Structures are given as structure tokens and as C-alpha cells.
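Trainee: Pasting a structure below so you can have a look.
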Amino acid sequence: MLVVSILSAFTAEYGSFIYNFLVFVILFLTLLFANFAEAIAEARGKAQADSLRRTREDTPARKLVGGEIRTVSSSQLHKGDIFVCEAGDVIPSDGEIIEGLASIDESAITGESAPVIREAGGVKSSVTGGTKVLSDCIKVRVTTQPGESFLDKMIALVEGASRQKTPNEIVLTILLAVFTLVFMIVCITLKPLADYTSTPISIAAFISLFVCLIPTTIGGALSAIGIAGMDRALRANVITKSGKAVETAGDVDTLLLDKTGTIAIGNRKATAFYPEDKIDRKKFIEYCMVASFSDETPEGKSIMELGREQGCKFSELPTDAHLVKFTAETKSSGIILSNGCDIRKGAFDAIRALVLKAGNEFPAHTEEIITRITSNGGTPLVVSVDSKVAGVIELQTSSNPVSRSVLPICVRWV
């Protein structure tokens with residue numbers, strides 16, 4: 001058509017130049033739209049994969065070489081290499097702990113907000129690249145070759161999200177092919193009939209008639225329809241591996257989400273204080289805030305925030321105070337004041353062991369509070385003062401604002 005347009009600029013035999021040029025532009029845009037529409041999905045998939053790849057390459061690894069620690073990129077780790085991770089480090093590669101134990105935040109991979117304990121030996125020694133060490137120090141042996149880690153599999157999954165035709169698209173494509181064949185026969189037979197009746201028809205007219213008759217616009221729109229669905233899902237961080245998955249999603253009436261990070265945000269937040277009967281409530285809140293003052297975790301910050309909301313003011317630690325950091329082994333943290341007062345907070349089983357070891361009683365009232373909190377989906381933190389139970393802090397996973405607006409609709413559907 002471009003050749004016809006150029007020829008029409010020099011001779012009137014091929015019709016009007018403006019008419020031919022407009023037909024050429026329309027045909028060009030139609031082909032451009034149909035051929036390059038699928039490149040949108042591939043480009044977005046590559047962008048997501050590049051983002052994950054940069055995360056893998058930018059993660060530093062403290063590799064152990066001949067008794068010395070060298071900082072290298074995580075992409076340079078090979079199977080059998082040993083690296084060291086301390087509190088606050090991101091684990092650079094999949095591996096197995098060979099020495100030490102640590103509390104690890106796996107929410108980036110599993111969505112679970114509660115830290116897990118990983119230790120050398122047994123079934124709980126494996127760690128995943130991209131997770132974060134919250135406490136202690138561990139030595140890890142790499143168990144995967146480059147390109148075979150969990151993060152690499154995620155990258156391959158994103159890159160493999162090429163658009164596949166749905167069953168409806170396949171049927172429609174066959175129908176369009178039949179229509180195209182019929183209209184080709186019509187256009188081919190039109191030339192002899194025009195010559196028989198001495199009716200001049202230009203080449204541009206034949207081409208434009210053929211384009212108008214065959215459903216090229218519908219064929220070009222098929223790719224855009226599928227890509228639009230995949231693009232909307234990708235914006236919500238949902239990978240759809242085929243057009244059929246997008247089509248099936250359109251038939252979903254009710255979606256039930258049972259995973260931390262979807263219905264819930266992921267971080268646990270302090271929601272209530274439960275002091276023992278013989279301890280003043282305000283005094284107990286002060287104990288909780290003193291024990292949480294240097295706690296940089298979301299849970300520790302939320303305890304400080306809740307205490308301030310309930311009228312307790314606390315600005316700085318007492319002088320000569322000794323901080324007791326959280327470890328995966330003790331499952332507790334706290335502070336020892338200059339007057340010898342020992343304040344601890346932690347998991348109820350760890351504080352129970354601490355209290356019983358000191359020869360004190362673990363109150364039945366505290367057991368009831370713990371049972372009530374856990375049955376309600378919360379996490380209890382027990383606080384002790386001088387190895388005696390002072391009370392319980394309730395932690396709850398805060399819900400996602402989006403899920404709070406969607407869940408009532410789901411309930412009505414059910």
C-alpha cells in the first residue's frame with residue numbers, strides 16, 4: 001500500500017494520493033497495534049524480573065574464606081560456600097545453618113509476620129535467601145547453585161508470564177480465519193465482475209475494501225484484551241501465567257484470603273495491657289515501656305505507642321541500666337536497672353520457665369489471659385519483674401485497610 005501511495009503521487013492511474021495515504025496509515029496502525037500489543041506484557045514482566053534480579057545482586061554476603069570474612073555479592077556465592085549473618089542482615093542465598101541459631105523474619109517470602117527460629121541440625125536448619133535475621137549470629141552453608149535459588153525461581157516465574165490464548169480466543173481466532181477466507185473470495189471475484197461491467201476499481205479501493213470486510217480490528221483487539229487483564233493483575237503483584245487464568249478470575253464471585261500479609265498487614269501491634277491483680281495498672285505499663293524502650297521491632301515500638309496513648313510518659317532510660325537483648329535461645333528481652341530490678345518480657349513459655357526456675361509461682365489467672373489471647377488469634381507477651389509475673393501484653397496482627405472494606409462484601413456474598 002505504501003508503494004501504491006507513492007505511485008499515486010506521480011500518476012492519477014492509482015487514484016488520489018490523499019486517499020491512498022490515509023488507507024496506508026490506517027493499515028499501518030492496525031498492524032502496529034496487533035503486532036506490538038503483546039510486547040507490553042513482556043516488557044512489564046521483564047521490569048518485574050529486573051527488579052527482583054537487582055535485589056539478588058545488591059544483597060551483600062559476608063563470605064567466610066580461610067577464617068576471614070570477605071564481603072561479596074550474593075550472585076557470587078556457589079554451592080558449598082559458607083557465609084555469616086548477624087542481626088539485621090538479609091540472608092543472601094538459600095542454605096543450611098551449620099552453626100548457631102537465630103530468629104528469622106520470613107514475611108517477605110511466606111507472608112507470616114511471626115518470626116521463626118532456625119538452628120543448626122534437624123529439620124529447622126534451612127534458610128531462604130531474601131529473609132532477614134532478627135537476632136543472634138549464624139553460619140550458613142549455601143545449598144544451591146547460582147540460578148537455582150528461591151529468588152531465581154521467582155524471577156523465572158515472572159519472566160515466564162507470557163500471554164497464552166484463552167479457549168474463547170482460540171475459537172474466535174478460528175471464526176475470524178473462516179470469515180477472512182470468505183471475504184478474500186469475495187474480493188478476488190470482484191475484479192472480474194468489475195471488468196465485465198466496465199467499472200474501474202483502483203488497487204487502493206480493493207485493499208481498503210478487503211481491510212474493511214475482514215475483522216482485522218477484532219483480531220488486533222484480542223491481544224489488547226488479554227494484556228489488559230494481565231496488566232491489572234500485575235499491578236496488584238499477582239502473576240497470571242496465561243490468559244485463561246485471567247478469564248477464570250472474571251468468573252470468581254467470592255475470594256477468601258487466609259494468609260498474613262493479605263488480610264493482615266504483617267506486623268504485630270500491642271492492643272492491650274493485662275496487669276496482675278496486685279500490681280497497679282499504671283506501674284505495669286511503665287514496666288512494659290521501660291523493657292521496650294530500646295526494642296526497635298514493630299512490636300516494641302507499638303508497646304511504647306500504646307503506653308503513651310494510655311497516659312504514661314517515658315522519655316529516657318534510667319542511668320546505669322543494663323539492656324538484655326532478645327535472642328532466639330532465651331525468647332525474651334528486657335532491662336536490669338541500677339537498683340537491681342530485673343524486668344523481662346517475652347514468650348509465655350520462656351517467662352514461665354524463668355519464673356519457675358526462680359522458685360516463684362506462675363499464676364492461673366495469667367494462664368487464663370494467655371489462653372484467651374491465643375484463642376482470639378493474638379500473641380501474648382508475658383512481663384516479669386524480679387522473676388515474678390507482672391502481667392501480659394496482647395499483640396494482634398493489624399488488618400489491611402483494603403481487606404476491612406472488602407470483607408463485609410464477601411460476607412454478604414457468602
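Just remember, in the C-alpha cells the first chain shown is A, the second B, etc., residues are 1-based per chain, and ligands are 1-based in the order shown.
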Residues within 9 Å of Ser294 (chain A), please, as a list in words. Count only C-alpha atoms; anything in the same chain fewer than 2 positions from it doesn't count.
Mentor: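 Close residues of Ser294 (chain A): Val290, Ala291, Ser292, Glu296, Gly300, Lys301, Leu317, Leu323, Lys325 and Gly334 of chain A.
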Trainee: Do a neighbour search on Ile117 (chain A) at 9 Å with only C-alpha atoms, toss out local chain neighbours closer than 5 positions, and write the hits as a list in words.
Mentor: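 Surrounding residues, per the criterion: Leu101, Ala102, Ser103, Ile104, Lys124, Ser125, Ala328 and Glu329 of chain A.
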Trainee: Using only C-alpha atoms, can you tell me which of A:Arg118, A:Lys357, A:Lys331, A:Lys283 comes closest to Lys345 (chain A)?
Mentor: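 When distances to Lys345 (chain A) are compared using only C-alpha atoms, the smallest one comes from A:Lys331.
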Trainee: Just checking: using only C-alpha atoms, which residue out of A:Pro115, A:Pro298, A:Gly129, A:Gly391 ends up closest to Glu96 (chain A)?
Mentor: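 Among the listed residues, A:Gly129 lies closest to Glu96 (chain A).
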Trainee: Residues near Asn376 (chain A), anyone? I mean within 12 Å using only C-alpha atoms, not counting same-chain ones fewer than 3 positions away, as number ranges by chain.
Mentor: A: 369-373, 379-380, 394-397
Trainee: Could you tell me how far CA of Leu64 (chain A) sits from CA of Val127 (chain A), in Å to one decimal place?
Mentor: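 Distance reported for this atom pair: 17.3 Å.
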Trainee: Report the distance between CA of Val182 (chain A) and CA of Ile201 (chain A) in Å, rounded to one decimal place.
Mentor: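 Interatomic distance here is 20.0 Å.
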Trainee: If you count only C-alpha atoms, which residues fall within 8 Å of Ile303 (chain A), apart from same-chain ones fewer than 4 positions away, as number ranges by chain?
Mentor: A: 269-270, 288-289, 292, 299, 307
Trainee: Could you take the residues named above and write them with N, CA and C atoms, as a PDB file, in the first residue's frame?
Mentor:
```pdb
ATOM      1  N   LYS A 269       0.929  -5.740  66.565  1.00  0.00           N
ATOM      2  CA  LYS A 269       0.797  -4.466  67.266  1.00  0.00           C
ATOM      3  C   LYS A 269       0.192  -4.696  68.643  1.00  0.00           C
ATOM      4  N   ALA A 270       0.739  -4.007  69.653  1.00  0.00           N
ATOM      5  CA  ALA A 270       0.205  -4.105  71.013  1.00  0.00           C
ATOM      6  C   ALA A 270      -1.177  -3.466  71.070  1.00  0.00           C
ATOM      7  N   CYS A 288       6.391  -2.155  81.190  1.00  0.00           N
ATOM      8  CA  CYS A 288       6.377  -2.565  79.781  1.00  0.00           C
ATOM      9  C   CYS A 288       7.151  -1.588  78.909  1.00  0.00           C
ATOM     10  N   MET A 289       6.982  -0.292  79.178  1.00  0.00           N
ATOM     11  CA  MET A 289       7.656   0.721  78.374  1.00  0.00           C
ATOM     12  C   MET A 289       9.159   0.736  78.646  1.00  0.00           C
ATOM     13  N   SER A 292      10.717  -2.034  76.818  1.00  0.00           N
ATOM     14  CA  SER A 292      10.605  -1.915  75.353  1.00  0.00           C
ATOM     15  C   SER A 292      11.278  -0.675  74.808  1.00  0.00           C
ATOM     16  N   GLU A 299       6.854  -4.546  67.183  1.00  0.00           N
ATOM     17  CA  GLU A 299       6.129  -4.871  68.403  1.00  0.00           C
ATOM     18  C   GLU A 299       6.558  -3.952  69.550  1.00  0.00           C
ATOM     19  N   GLY A 307       1.436   2.679  75.305  1.00  0.00           N
ATOM     20  CA  GLY A 307       1.634   3.227  76.644  1.00  0.00           C
ATOM     21  C   GLY A 307       1.429   4.733  76.679  1.00  0.00           C
TER      22      GLY A 307
END
```
Trainee: Got a sec: who's within 6 Å of Val90 (chain A), counting only C-alpha atoms, leaving out chain neighbours fewer than 2 positions off, as a PDB file with all heavy atoms, in the first residue's frame?
Mentor:
```pdb
ATOM      1  N   GLY A 130      16.760 -13.768  50.936  1.00  0.00           N
ATOM      2  CA  GLY A 130      15.775 -12.686  50.955  1.00  0.00           C
ATOM      3  C   GLY A 130      15.114 -12.496  52.297  1.00  0.00           C
ATOM      4  O   GLY A 130      14.464 -11.472  52.518  1.00  0.00           O
ATOM      5  N   THR A 131      15.254 -13.460  53.220  1.00  0.00           N
ATOM      6  CA  THR A 131      14.711 -13.309  54.570  1.00  0.00           C
ATOM      7  C   THR A 131      15.720 -12.560  55.443  1.00  0.00           C
ATOM      8  O   THR A 131      16.883 -12.402  55.075  1.00  0.00           O
ATOM      9  CB  THR A 131      14.384 -14.681  55.180  1.00  0.00           C
ATOM     10  OG1 THR A 131      15.559 -15.504  55.172  1.00  0.00           O
ATOM     11  CG2 THR A 131      13.306 -15.385  54.362  1.00  0.00           C
ATOM     12  N   LYS A 132      15.269 -12.113  56.616  1.00  0.00           N
ATOM     13  CA  LYS A 132      16.091 -11.233  57.450  1.00  0.00           C
ATOM     14  C   LYS A 132      16.333 -11.852  58.816  1.00  0.00           C
ATOM     15  O   LYS A 132      15.406 -12.360  59.452  1.00  0.00           O
ATOM     16  CB  LYS A 132      15.403  -9.875  57.602  1.00  0.00           C
ATOM     17  CG  LYS A 132      16.234  -8.831  58.326  1.00  0.00           C
ATOM     18  CD  LYS A 132      15.518  -7.487  58.342  1.00  0.00           C
ATOM     19  CE  LYS A 132      16.362  -6.421  59.019  1.00  0.00           C
ATOM     20  NZ  LYS A 132      15.687  -5.100  59.032  1.00  0.00           N
TER      21      LYS A 132
END
```
Trainee: With only C-alpha atoms as the basis for distance, which of A:Arg268, A:Lys63, A:Arg352, A:Lys282 is at the shortest distance from Ser387 (chain A)?
Mentor: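 Of A:Arg268, A:Lys63, A:Arg352, A:Lys282, the one nearest Ser387 (chain A) is A:Arg352, counting only C-alpha atoms.
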Trainee: If you count only C-alpha atoms, which residues fall within 7 Å of region 74-86 of chain A, apart from same-chain ones fewer than 6 positions away, as an MDAnalysis selection string?
Mentor: chainID A and resid 56:57 59:64 92:93 133 135:146
